[in-house]
file final38.cif (mmCIF, C-alpha atoms (C1' of nucleotides))
data_run
#
loop_
_atom_site.group_PDB
_atom_site.id
_atom_site.type_symbol
_atom_site.label_atom_id
_atom_site.label_comp_id
_atom_site.auth_asym_id
_atom_site.auth_seq_id
_atom_site.Cartn_x
_atom_site.Cartn_y
_atom_site.Cartn_z
ATOM 1 C CA MET M 26 125.297 212.687 317.649
ATOM 2 C CA GLN M 27 123.369 211.022 320.402
ATOM 3 C CA VAL M 28 125.311 207.805 320.769
ATOM 4 C CA SER M 29 124.574 205.531 323.643
ATOM 5 C CA ASP M 30 127.617 203.293 323.339
ATOM 6 C CA PRO M 31 130.404 204.934 325.352
ATOM 7 C CA GLU M 32 133.017 203.119 323.288
ATOM 8 C CA VAL M 33 131.731 204.744 320.132
ATOM 9 C CA ALA M 34 131.606 208.078 321.902
ATOM 10 C CA ARG M 35 135.250 207.737 322.903
ATOM 11 C CA LEU M 36 136.277 206.902 319.384
ATOM 12 C CA CYS M 37 134.403 209.882 318.009
ATOM 13 C CA GLU M 38 136.111 212.086 320.555
ATOM 14 C CA ALA M 39 139.445 210.531 319.662
ATOM 15 C CA ARG M 40 138.809 211.270 316.002
ATOM 16 C CA GLN M 41 138.191 214.905 316.762
ATOM 17 C CA ILE M 42 141.422 215.085 318.687
ATOM 18 C CA LEU M 43 143.363 213.308 315.982
ATOM 19 C CA ASN M 44 141.880 215.647 313.461
ATOM 20 C CA ARG M 45 143.525 218.511 315.292
ATOM 21 C CA VAL M 46 146.856 217.126 316.360
ATOM 22 C CA GLY M 47 147.102 215.030 313.228
ATOM 23 C CA ASP M 48 146.622 217.664 310.593
ATOM 24 C CA LYS M 49 149.303 218.510 308.097
ATOM 25 C CA TRP M 50 150.959 221.409 309.857
ATOM 26 C CA SER M 51 150.555 220.226 313.424
ATOM 27 C CA ILE M 52 152.504 217.071 312.736
ATOM 28 C CA ALA M 53 155.202 219.034 310.975
ATOM 29 C CA VAL M 54 155.462 221.516 313.847
ATOM 30 C CA ILE M 55 155.592 218.799 316.503
ATOM 31 C CA TYR M 56 158.212 217.034 314.466
ATOM 32 C CA ALA M 57 160.242 220.226 314.158
ATOM 33 C CA LEU M 58 160.005 220.845 317.891
ATOM 34 C CA ASP M 59 161.283 217.354 318.605
ATOM 35 C CA GLY M 60 163.693 218.025 321.441
ATOM 36 C CA ALA M 61 164.237 221.611 320.423
ATOM 37 C CA THR M 62 163.167 225.088 321.471
ATOM 38 C CA LEU M 63 162.577 227.279 318.454
ATOM 39 C CA ARG M 64 161.589 230.850 317.759
ATOM 40 C CA PHE M 65 158.759 231.777 315.456
ATOM 41 C CA THR M 66 160.999 232.553 312.514
ATOM 42 C CA GLU M 67 163.096 229.457 313.068
ATOM 43 C CA LEU M 68 159.962 227.344 312.981
ATOM 44 C CA ARG M 69 158.888 229.030 309.810
ATOM 45 C CA ARG M 70 162.164 228.064 308.189
ATOM 46 C CA GLU M 71 162.042 224.570 309.636
ATOM 47 C CA VAL M 72 158.514 223.804 308.505
ATOM 48 C CA HIS M 73 159.064 224.283 304.838
ATOM 49 C CA GLY M 74 156.148 225.765 302.949
ATOM 50 C CA ILE M 75 154.026 226.923 305.861
ATOM 51 C CA SER M 76 152.598 230.404 305.675
ATOM 52 C CA GLN M 77 152.837 232.826 308.539
ATOM 53 C CA ARG M 78 149.129 232.705 309.073
ATOM 54 C CA MET M 79 149.024 228.924 309.285
ATOM 55 C CA LEU M 80 152.043 228.771 311.564
ATOM 56 C CA THR M 81 150.411 231.217 313.940
ATOM 57 C CA ALA M 82 147.123 229.368 313.871
ATOM 58 C CA THR M 83 148.758 225.963 314.277
ATOM 59 C CA LEU M 84 150.836 227.128 317.221
ATOM 60 C CA ARG M 85 147.783 228.660 318.879
ATOM 61 C CA THR M 86 145.853 225.439 318.581
ATOM 62 C CA LEU M 87 148.736 223.365 319.868
ATOM 63 C CA GLU M 88 149.196 225.798 322.722
ATOM 64 C CA ARG M 89 145.528 225.714 323.558
ATOM 65 C CA ASP M 90 145.547 221.938 323.554
ATOM 66 C CA GLY M 91 148.454 221.976 325.979
ATOM 67 C CA LEU M 92 150.925 220.401 323.586
ATOM 68 C CA VAL M 93 153.191 223.398 323.044
ATOM 69 C CA ARG M 94 154.463 225.994 325.486
ATOM 70 C CA ARG M 95 154.757 229.580 324.273
ATOM 71 C CA THR M 96 157.231 231.799 326.080
ATOM 72 C CA VAL M 97 157.314 235.534 325.385
ATOM 73 C CA HIS M 98 160.518 237.334 326.303
ATOM 74 C CA PRO M 99 159.878 241.007 327.037
ATOM 75 C CA VAL M 100 162.747 242.303 324.982
ATOM 76 C CA VAL M 101 163.174 244.470 321.934
ATOM 77 C CA PRO M 102 162.907 243.138 319.363
ATOM 78 C CA PRO M 103 160.333 240.648 320.621
ATOM 79 C CA ARG M 104 161.416 237.082 321.101
ATOM 80 C CA VAL M 105 159.008 234.177 321.449
ATOM 81 C CA ASP M 106 160.114 230.629 322.104
ATOM 82 C CA TYR M 107 158.136 227.491 321.399
ATOM 83 C CA GLU M 108 158.751 224.064 322.868
ATOM 84 C CA LEU M 109 156.848 220.881 323.518
ATOM 85 C CA THR M 110 155.168 220.454 326.889
ATOM 86 C CA ASP M 111 155.235 217.173 328.763
ATOM 87 C CA LEU M 112 151.950 216.286 327.113
ATOM 88 C CA GLY M 113 153.392 217.226 323.754
ATOM 89 C CA ASN M 114 156.354 214.997 324.396
ATOM 90 C CA THR M 115 154.075 212.009 324.891
ATOM 91 C CA LEU M 116 152.934 212.554 321.309
ATOM 92 C CA ARG M 117 156.419 213.107 319.944
ATOM 93 C CA GLY M 118 157.338 209.442 319.714
ATOM 94 C CA THR M 119 154.236 208.486 317.768
ATOM 95 C CA VAL M 120 154.526 211.438 315.451
ATOM 96 C CA CYS M 121 158.151 210.622 314.740
ATOM 97 C CA THR M 122 157.202 207.013 314.106
ATOM 98 C CA LEU M 123 154.565 208.205 311.675
ATOM 99 C CA MET M 124 157.049 210.448 309.907
ATOM 100 C CA THR M 125 159.542 207.623 309.673
ATOM 101 C CA TRP M 126 156.879 205.333 308.282
ATOM 102 C CA ALA M 127 155.986 207.894 305.638
ATOM 103 C CA VAL M 128 159.615 208.330 304.633
ATOM 104 C CA ASN M 129 160.259 204.594 304.532
ATOM 105 C CA HIS M 130 157.149 203.735 302.543
ATOM 106 C CA ALA M 131 157.029 206.699 300.200
ATOM 107 C CA ASP M 132 158.313 204.502 297.402
ATOM 108 C CA ASP M 133 155.788 201.752 298.078
ATOM 109 C CA ILE M 134 152.957 204.246 297.941
ATOM 110 C CA ALA M 135 154.246 205.913 294.816
ATOM 111 C CA LYS M 136 154.501 202.494 293.188
ATOM 112 C CA ALA M 137 151.007 201.478 294.290
ATOM 113 C CA ARG M 138 149.608 204.690 292.888
ATOM 114 C CA ALA M 139 151.359 204.215 289.583
ATOM 115 C CA GLU M 140 149.962 200.699 289.285
ATOM 116 C CA TYR M 141 146.476 201.845 290.242
ATOM 117 C CA ASP M 142 146.540 204.652 287.699
ATOM 118 C CA ALA M 143 147.843 202.299 285.034
ATOM 119 C CA ARG M 144 144.985 199.880 285.556
ATOM 120 C CA PRO M 145 142.391 199.748 282.806
ATOM 121 C CA ALA M 146 139.470 201.925 283.701
ATOM 122 C CA SER M 147 136.641 199.779 284.946
ATOM 123 C CA MET L 11 159.083 224.156 295.603
ATOM 124 C CA GLN L 12 162.563 223.731 294.232
ATOM 125 C CA VAL L 13 164.405 222.522 297.280
ATOM 126 C CA SER L 14 167.986 221.432 296.945
ATOM 127 C CA ASP L 15 168.308 219.721 300.301
ATOM 128 C CA PRO L 16 167.156 216.126 299.806
ATOM 129 C CA GLU L 17 166.359 215.834 303.494
ATOM 130 C CA VAL L 18 163.882 218.680 303.221
ATOM 131 C CA ALA L 19 162.466 217.135 300.073
ATOM 132 C CA ARG L 20 161.884 213.840 301.863
ATOM 133 C CA LEU L 21 160.146 215.576 304.726
ATOM 134 C CA CYS L 22 157.888 217.469 302.355
ATOM 135 C CA GLU L 23 157.050 214.237 300.597
ATOM 136 C CA ALA L 24 156.410 212.575 303.948
ATOM 137 C CA ARG L 25 154.069 215.416 304.900
ATOM 138 C CA GLN L 26 152.040 214.906 301.757
ATOM 139 C CA ILE L 27 151.749 211.217 302.511
ATOM 140 C CA LEU L 28 150.800 211.845 306.115
ATOM 141 C CA ASN L 29 148.258 214.331 304.936
ATOM 142 C CA ARG L 30 146.527 211.542 303.083
ATOM 143 C CA VAL L 31 146.874 208.562 305.357
ATOM 144 C CA GLY L 32 146.591 210.744 308.434
ATOM 145 C CA ASP L 33 143.349 212.512 307.733
ATOM 146 C CA LYS L 34 140.295 212.051 309.886
ATOM 147 C CA TRP L 35 138.479 209.382 307.947
ATOM 148 C CA SER L 36 141.509 207.437 306.738
ATOM 149 C CA ILE L 37 142.670 206.832 310.277
ATOM 150 C CA ALA L 38 139.194 205.804 311.313
ATOM 151 C CA VAL L 39 138.870 203.410 308.384
ATOM 152 C CA ILE L 40 142.292 201.849 308.972
ATOM 153 C CA TYR L 41 141.418 201.497 312.615
ATOM 154 C CA ALA L 42 138.122 199.840 311.744
ATOM 155 C CA LEU L 43 139.840 197.438 309.356
ATOM 156 C CA ASP L 44 142.285 196.420 312.068
ATOM 157 C CA GLY L 45 142.430 192.692 311.564
ATOM 158 C CA ALA L 46 139.032 192.548 309.920
ATOM 159 C CA THR L 47 137.491 192.244 306.490
ATOM 160 C CA LEU L 48 134.436 194.420 306.166
ATOM 161 C CA ARG L 49 131.843 195.212 303.565
ATOM 162 C CA PHE L 50 130.978 198.733 302.505
ATOM 163 C CA THR L 51 127.893 198.965 304.659
ATOM 164 C CA GLU L 52 129.640 197.389 307.628
ATOM 165 C CA LEU L 53 132.376 199.986 307.384
ATOM 166 C CA ARG L 54 129.780 202.706 307.216
ATOM 167 C CA ARG L 55 128.299 201.491 310.466
ATOM 168 C CA GLU L 56 131.721 201.026 312.045
ATOM 169 C CA VAL L 57 133.042 204.465 311.181
ATOM 170 C CA HIS L 58 130.412 206.435 312.943
ATOM 171 C CA GLY L 59 129.416 209.682 311.293
ATOM 172 C CA ILE L 60 131.036 209.195 307.896
ATOM 173 C CA SER L 61 128.921 209.960 304.879
ATOM 174 C CA GLN L 62 128.630 207.569 302.009
ATOM 175 C CA ARG L 63 130.453 209.958 299.756
ATOM 176 C CA MET L 64 133.397 210.326 302.107
ATOM 177 C CA LEU L 65 133.634 206.612 302.761
ATOM 178 C CA THR L 66 133.785 205.935 299.041
ATOM 179 C CA ALA L 67 136.406 208.624 298.493
ATOM 180 C CA THR L 68 138.479 207.539 301.476
ATOM 181 C CA LEU L 69 138.442 203.909 300.393
ATOM 182 C CA ARG L 70 139.433 204.860 296.857
ATOM 183 C CA THR L 71 142.411 206.841 298.103
ATOM 184 C CA LEU L 72 143.521 204.109 300.468
ATOM 185 C CA GLU L 73 143.146 201.576 297.685
ATOM 186 C CA ARG L 74 145.123 203.713 295.284
ATOM 187 C CA ASP L 75 147.875 204.138 297.844
ATOM 188 C CA GLY L 76 148.058 200.379 298.230
ATOM 189 C CA LEU L 77 146.896 200.332 301.847
ATOM 190 C CA VAL L 78 143.523 198.719 301.349
ATOM 191 C CA ARG L 79 142.491 195.855 299.084
ATOM 192 C CA ARG L 80 139.073 196.036 297.446
ATOM 193 C CA THR L 81 137.492 192.761 296.396
ATOM 194 C CA VAL L 82 134.351 192.744 294.270
ATOM 195 C CA HIS L 83 132.291 189.575 294.342
ATOM 196 C CA PRO L 84 130.268 189.157 291.147
ATOM 197 C CA VAL L 85 127.060 188.238 292.873
ATOM 198 C CA VAL L 86 123.621 189.694 293.203
ATOM 199 C CA PRO L 87 123.218 191.745 295.240
ATOM 200 C CA PRO L 88 126.734 193.157 294.877
ATOM 201 C CA ARG L 89 129.225 192.392 297.598
ATOM 202 C CA VAL L 90 132.477 194.266 298.060
ATOM 203 C CA ASP L 91 134.998 193.418 300.756
ATOM 204 C CA TYR L 92 137.652 195.707 302.123
ATOM 205 C CA GLU L 93 140.737 194.665 304.063
ATOM 206 C CA LEU L 94 144.180 196.010 304.831
ATOM 207 C CA THR L 95 147.041 195.019 302.546
ATOM 208 C CA ASP L 96 150.464 194.104 303.865
ATOM 209 C CA LEU L 97 151.485 197.714 303.447
ATOM 210 C CA GLY L 98 148.361 198.803 305.266
ATOM 211 C CA ASN L 99 149.192 196.447 308.079
ATOM 212 C CA THR L 100 152.547 198.155 308.594
ATOM 213 C CA LEU L 101 150.574 201.316 309.342
ATOM 214 C CA ARG L 102 148.063 199.620 311.585
ATOM 215 C CA GLY L 103 150.234 199.593 314.691
ATOM 216 C CA THR L 104 151.055 203.279 314.529
ATOM 217 C CA VAL L 105 147.482 204.243 313.806
ATOM 218 C CA CYS L 106 146.247 202.213 316.743
ATOM 219 C CA THR L 107 148.891 203.818 318.941
ATOM 220 C CA LEU L 108 147.677 207.203 317.806
ATOM 221 C CA MET L 109 144.082 206.295 318.545
ATOM 222 C CA THR L 110 145.046 204.999 321.959
ATOM 223 C CA TRP L 111 146.989 208.181 322.670
ATOM 224 C CA ALA L 112 143.975 210.280 321.722
ATOM 225 C CA VAL L 113 141.671 208.262 323.947
ATOM 226 C CA ASN L 114 144.076 208.330 326.879
ATOM 227 C CA HIS L 115 144.818 212.029 326.673
ATOM 228 C CA ALA L 116 141.394 213.346 325.768
ATOM 229 C CA ASP L 117 140.949 214.550 329.329
ATOM 230 C CA ASP L 118 144.335 216.270 329.439
ATOM 231 C CA ILE L 119 143.543 218.140 326.250
ATOM 232 C CA ALA L 120 140.084 219.107 327.396
ATOM 233 C CA LYS L 121 141.588 220.405 330.626
ATOM 234 C CA ALA L 122 144.309 222.342 328.830
ATOM 235 C CA ARG L 123 141.707 223.934 326.589
ATOM 236 C CA ALA L 124 139.530 224.924 329.488
ATOM 237 C CA GLU L 125 142.510 226.537 331.217
ATOM 238 C CA TYR L 126 143.562 228.313 328.059
ATOM 239 C CA ASP L 127 140.082 229.673 327.452
ATOM 240 C CA ALA L 128 139.798 230.763 331.083
ATOM 241 C CA ARG L 129 142.966 232.800 330.880
ATOM 242 C CA PRO L 130 142.532 236.557 330.896
ATOM 243 C CA ALA L 131 142.616 237.882 327.384
ATOM 244 C CA SER L 132 146.000 239.417 326.702
ATOM 245 C "C1'" DC F 11 160.619 240.089 315.138
ATOM 246 C "C1'" DT F 12 156.169 238.452 315.912
ATOM 247 C "C1'" DG F 13 152.289 238.702 315.153
ATOM 248 C "C1'" DC F 14 146.844 240.225 313.908
ATOM 249 C "C1'" DA F 15 143.078 241.770 310.447
ATOM 250 C "C1'" DT F 16 141.032 241.558 306.268
ATOM 251 C "C1'" DC F 17 139.810 239.929 301.896
ATOM 252 C "C1'" DC F 18 139.162 236.274 298.779
ATOM 253 C "C1'" DA F 19 139.593 231.999 296.112
ATOM 254 C "C1'" DC F 20 139.321 227.273 296.437
ATOM 255 C "C1'" DC F 21 138.446 222.798 297.988
ATOM 256 C "C1'" DC F 22 136.003 219.733 300.777
ATOM 257 C "C1'" DA F 23 132.346 217.688 302.941
ATOM 258 C "C1'" DG F 24 127.335 217.047 303.544
ATOM 259 C "C1'" DA F 25 122.756 216.390 301.560
ATOM 260 C "C1'" DT F 26 120.096 214.619 298.126
ATOM 261 C "C1'" DA F 27 118.684 212.087 294.186
ATOM 262 C "C1'" DC F 28 119.558 208.592 291.000
ATOM 263 C "C1'" DT F 29 121.790 203.913 288.901
ATOM 264 C "C1'" DG F 30 123.510 199.000 288.032
ATOM 265 C "C1'" DC D 16 124.113 196.572 298.141
ATOM 266 C "C1'" DA D 17 127.346 199.687 296.501
ATOM 267 C "C1'" DG D 18 128.045 203.077 294.528
ATOM 268 C "C1'" DT D 19 127.843 207.862 291.107
ATOM 269 C "C1'" DA D 20 126.271 212.810 290.048
ATOM 270 C "C1'" DT D 21 125.328 217.340 291.269
ATOM 271 C "C1'" DC D 22 124.686 221.306 294.043
ATOM 272 C "C1'" DT D 23 125.914 224.143 297.686
ATOM 273 C "C1'" DG D 24 127.645 226.143 302.193
ATOM 274 C "C1'" DG D 25 131.434 226.597 305.132
ATOM 275 C "C1'" DG D 26 135.917 226.126 306.438
ATOM 276 C "C1'" DT D 27 140.852 226.511 305.087
ATOM 277 C "C1'" DG D 28 144.678 228.635 303.486
ATOM 278 C "C1'" DG D 29 147.274 232.279 300.761
ATOM 279 C "C1'" DA D 30 148.341 237.273 300.059
ATOM 280 C "C1'" DT D 31 148.630 241.637 301.741
ATOM 281 C "C1'" DG D 32 148.842 245.469 304.891
ATOM 282 C "C1'" DC D 33 149.391 247.119 309.443
ATOM 283 C "C1'" DA D 34 150.934 247.188 314.594
ATOM 284 C "C1'" DG D 35 153.495 246.587 319.020
#
call {"tool": "encode", "arguments": {"input": "final38.cif", "output": "structure tokens"}}
result
Amino acid sequence: MQVSDPEVARLCEARQILNRVGDKWSIAVIYALDGATLRFTELRREVHGISQRMLTATLRTLERDGLVRRTVHPVVPPRVDYELTDLGNTLRGTVCTLMTWAVNHADDIAKARAEYDARPAS
Amino acid sequence: MQVSDPEVARLCEARQILNRVGDKWSIAVIYALDGATLRFTELRREVHGISQRMLTATLRTLERDGLVRRTVHPVVPPRVDYELTDLGNTLRGTVCTLMTWAVNHADDIAKARAEYDARPAS
DNA sequence: CTGCATCCACCCAGATACTG
DNA sequence: CAGTATCTGGGTGGATGCAG
């Protein structure tokens, strides 16, 4: 984008990162892995509504970004464990805070939306 | 989705909320409005790379969710100010934390990616 | 059990042009 | 200045079938 200001460049970079770690499923997965080691199927149950494809893709991205550790156990049937890395754990607190905020303010937002929708069309 | 467990229901609801307030442009806009009142064009400059269409849509959503207040001044030429509401301010801290995290760990993530990509294909 | 490959439908975001 | 309208391409996500 050819930006000279390094501050702007950092923010753009930060946005790209947030776009990845902050997307719908990533947050849910990080939240589910909060202090736990889970298998693929367990995660799929935990993260309600995620498809297998999206869970796989999300885990790959998180693994690639160094936030999640993937451990394959060479047994039959296959067993794969997922857990947060140290880097992932540094995100955990913020993600949990975000989740808590969303839960706590769900009513406020619902109310605001209702009022907005009830407003006379301008 | 017909979930009986209210805990799961709350988390799903929270995910939907996070999906809105946590998307790329919303975070950037909230971050830009941190303690400031900005006009449409000022925001467009501040949030580098956003298109006019996306800025409009993002602001509408944030306004509808009660996070941003939109003030139209009946003057010529038109002047519209945007600022965070009280509810929006409760999100500000977390969003800034998230931004800071992204900035601080950009290098770690870049490094993790490079290592991941350098790994022999399995 | 834990994936990957493929196909496909849909939404979103960007570009562009126009309006009050 | 602050939008709206429309078109369009690409990415995203679901469904399904197959494999190690």
call {"tool": "residues_near_point", "arguments": {"input": "final38.cif", "point": "(132.7, 213.4, 299.2)", "cutoff": "12 Å", "atoms": "all atoms listed in the file", "output": "ChimeraX atom specification"}}
result
/L:35,60-71 /F:21-25 /D:19-21
call {"tool": "interface_residues", "arguments": {"input": "final38.cif", "of": "chain L", "to": "chain D", "cutoff": "7 Å", "atoms": "all atoms listed in the file", "output": "short mmCIF file (atom, residue, chain, number, x, y, z; two decimals) with C-alpha atoms, in the coordinates of the input"}}
result
data_model
loop_
_atom_site.label_atom_id
_atom_site.label_comp_id
_atom_site.auth_asym_id
_atom_site.auth_seq_id
_atom_site.Cartn_x
_atom_site.Cartn_y
_atom_site.Cartn_z
CA PRO L 87 123.22 191.74 295.24
CA PRO L 88 126.73 193.16 294.88
CA ARG L 89 129.22 192.39 297.60
#
call {"tool": "atom_distance", "arguments": {"input": "final38.cif", "atom1": "CA of Arg64 in chain M", "atom2": "CA of Gly91 in chain M"}}
result
17.9 Å
call {"tool": "closest_residue", "arguments": {"input": "final38.cif", "among": "M:Ile134, M:Leu116, M:Leu123, M:Val128", "to": "Ala19 in chain L", "atoms": "only C-alpha atoms"}}
result
M:Val128
call {"tool": "resolve_selection", "arguments": {"input": "final38.cif", "expression": "the PyMOL selection byres ((chain F) within 8 of (chain M))", "output": "list in words"}}
result
DC11, DT12 and DG13 of chain F
call {"tool": "closest_atom_pairs", "arguments": {"input": "final38.cif", "of": "chain L", "to": "chain M", "cutoff": "10 Å", "atoms": "all atoms listed in the file", "output": "CSV"}}
result
residue,atom,partner,partner_atom,distance
L:Met11,CA,M:Gly74,CA,8.1
L:Val13,CA,M:His73,CA,9.4
L:Val18,CA,M:His73,CA,7.6
L:Ala19,CA,M:His73,CA,9.2
L:Arg20,CA,M:Val128,CA,6.6
L:Leu21,CA,M:Val128,CA,7.3
L:Cys22,CA,M:His73,CA,7.3
L:Glu23,CA,M:Ala131,CA,7.5
L:Ala24,CA,M:Ala127,CA,5.0
L:Arg25,CA,M:Lys49,CA,6.5
L:Gln26,CA,M:Lys49,CA,7.8
L:Ile27,CA,M:Ala127,CA,6.2
L:Leu28,CA,M:Ala127,CA,6.5
L:Asn29,CA,M:Lys49,CA,5.3
L:Arg30,CA,M:Lys49,CA,9.0
L:Val31,CA,M:Ala127,CA,9.1
L:Gly32,CA,M:Gly47,CA,6.5
L:Asp33,CA,M:Asn44,CA,6.7
L:Lys34,CA,M:Asn44,CA,5.3
L:Trp35,CA,M:Arg40,CA,8.3
L:Ile37,CA,M:Arg40,CA,8.2
L:Ala38,CA,M:Arg40,CA,7.2
L:Glu56,CA,M:Val33,CA,8.9
L:Val57,CA,M:Cys37,CA,8.8
L:His58,CA,M:Cys37,CA,7.3
L:Gly59,CA,M:Met26,CA,8.1
L:Thr71,CA,M:Arg138,CA,9.1
L:Leu72,CA,M:Arg138,CA,9.7
L:Glu73,CA,M:Tyr141,CA,8.2
L:Arg74,CA,M:Arg138,CA,5.2
L:Asp75,CA,M:Ile134,CA,5.1
L:Gly76,CA,M:Ala137,CA,5.0
L:Leu77,CA,M:Ile134,CA,8.2
L:Leu97,CA,M:Asp133,CA,8.0
L:Thr100,CA,M:Trp126,CA,8.4
L:Leu101,CA,M:Trp126,CA,7.6
L:Thr104,CA,M:Leu123,CA,6.7
L:Val105,CA,M:Leu123,CA,8.4
L:Thr107,CA,M:Thr119,CA,7.2
L:Leu108,CA,M:Thr119,CA,6.7
L:Met109,CA,M:Ala39,CA,6.4
L:Thr110,CA,M:Ala39,CA,8.2
L:Trp111,CA,M:Leu116,CA,7.5
L:Ala112,CA,M:Ala39,CA,5.0
L:Val113,CA,M:Ala39,CA,5.3
L:Asn114,CA,M:Ala39,CA,8.9
L:His115,CA,M:Leu112,CA,8.3
L:Ala116,CA,M:Ala39,CA,7.0
L:Asp118,CA,M:Gly91,CA,7.8
L:Ile119,CA,M:Asp90,CA,5.1
L:Ala120,CA,M:Asp90,CA,7.3
L:Lys121,CA,M:Asp90,CA,8.2
L:Ala122,CA,M:Gly91,CA,5.0
L:Arg123,CA,M:Arg89,CA,5.2
L:Ala124,CA,M:Arg89,CA,8.5
L:Glu125,CA,M:Arg89,CA,8.3
L:Tyr126,CA,M:Arg89,CA,5.6
L:Asp127,CA,M:Arg89,CA,7.8
call {"tool": "atom_distance", "arguments": {"input": "final38.cif", "atom1": "CA of Arg94 in chain M", "atom2": "CA of Ile55 in chain M"}}
result
11.6 Å
call {"tool": "decode", "arguments": {"input": "final38.cif", "residues": "range 14-49 of chain L", "atoms": "C-alpha atoms", "output": "mmCIF file, in the first residue's frame"}}
result
data_model
loop_
_atom_site.group_PDB
_atom_site.id
_atom_site.type_symbol
_atom_site.label_atom_id
_atom_site.label_comp_id
_atom_site.auth_asym_id
_atom_site.auth_seq_id
_atom_site.Cartn_x
_atom_site.Cartn_y
_atom_site.Cartn_z
ATOM 1 C CA SER L 14 -31.003 -26.996 25.250
ATOM 2 C CA ASP L 15 -27.934 -26.040 27.240
ATOM 3 C CA PRO L 16 -28.256 -22.329 28.025
ATOM 4 C CA GLU L 17 -24.506 -22.054 28.451
ATOM 5 C CA VAL L 18 -23.981 -23.206 24.886
ATOM 6 C CA ALA L 19 -26.697 -20.842 23.731
ATOM 7 C CA ARG L 20 -24.961 -17.911 25.403
ATOM 8 C CA LEU L 21 -21.664 -18.810 23.805
ATOM 9 C CA CYS L 22 -23.258 -19.042 20.383
ATOM 10 C CA GLU L 23 -24.864 -15.670 20.919
ATOM 11 C CA ALA L 24 -21.540 -14.268 22.096
ATOM 12 C CA ARG L 25 -19.873 -15.610 18.953
ATOM 13 C CA GLN L 26 -22.375 -13.822 16.763
ATOM 14 C CA ILE L 27 -21.731 -10.595 18.615
ATOM 15 C CA LEU L 28 -17.981 -11.022 18.422
ATOM 16 C CA ASN L 29 -18.325 -11.740 14.761
ATOM 17 C CA ARG L 30 -19.765 -8.284 14.315
ATOM 18 C CA VAL L 31 -17.799 -6.144 16.707
ATOM 19 C CA GLY L 32 -14.667 -8.184 16.125
ATOM 20 C CA ASP L 33 -14.395 -7.982 12.382
ATOM 21 C CA LYS L 34 -11.524 -6.261 10.659
ATOM 22 C CA TRP L 35 -13.018 -2.856 10.060
ATOM 23 C CA SER L 36 -15.079 -2.604 13.240
ATOM 24 C CA ILE L 37 -12.011 -3.038 15.393
ATOM 25 C CA ALA L 38 -10.126 -0.503 13.337
ATOM 26 C CA VAL L 39 -12.961 2.012 13.568
ATOM 27 C CA ILE L 40 -13.381 1.552 17.324
ATOM 28 C CA TYR L 41 -9.656 1.922 17.707
ATOM 29 C CA ALA L 42 -9.682 5.101 15.642
ATOM 30 C CA LEU L 43 -12.545 6.531 17.687
ATOM 31 C CA ASP L 44 -10.635 5.883 20.896
ATOM 32 C CA GLY L 45 -11.321 9.052 22.809
ATOM 33 C CA ALA L 46 -11.997 11.068 19.687
ATOM 34 C CA THR L 47 -14.898 12.461 17.718
ATOM 35 C CA LEU L 48 -14.295 12.180 14.013
ATOM 36 C CA ARG L 49 -16.068 13.086 10.826
#
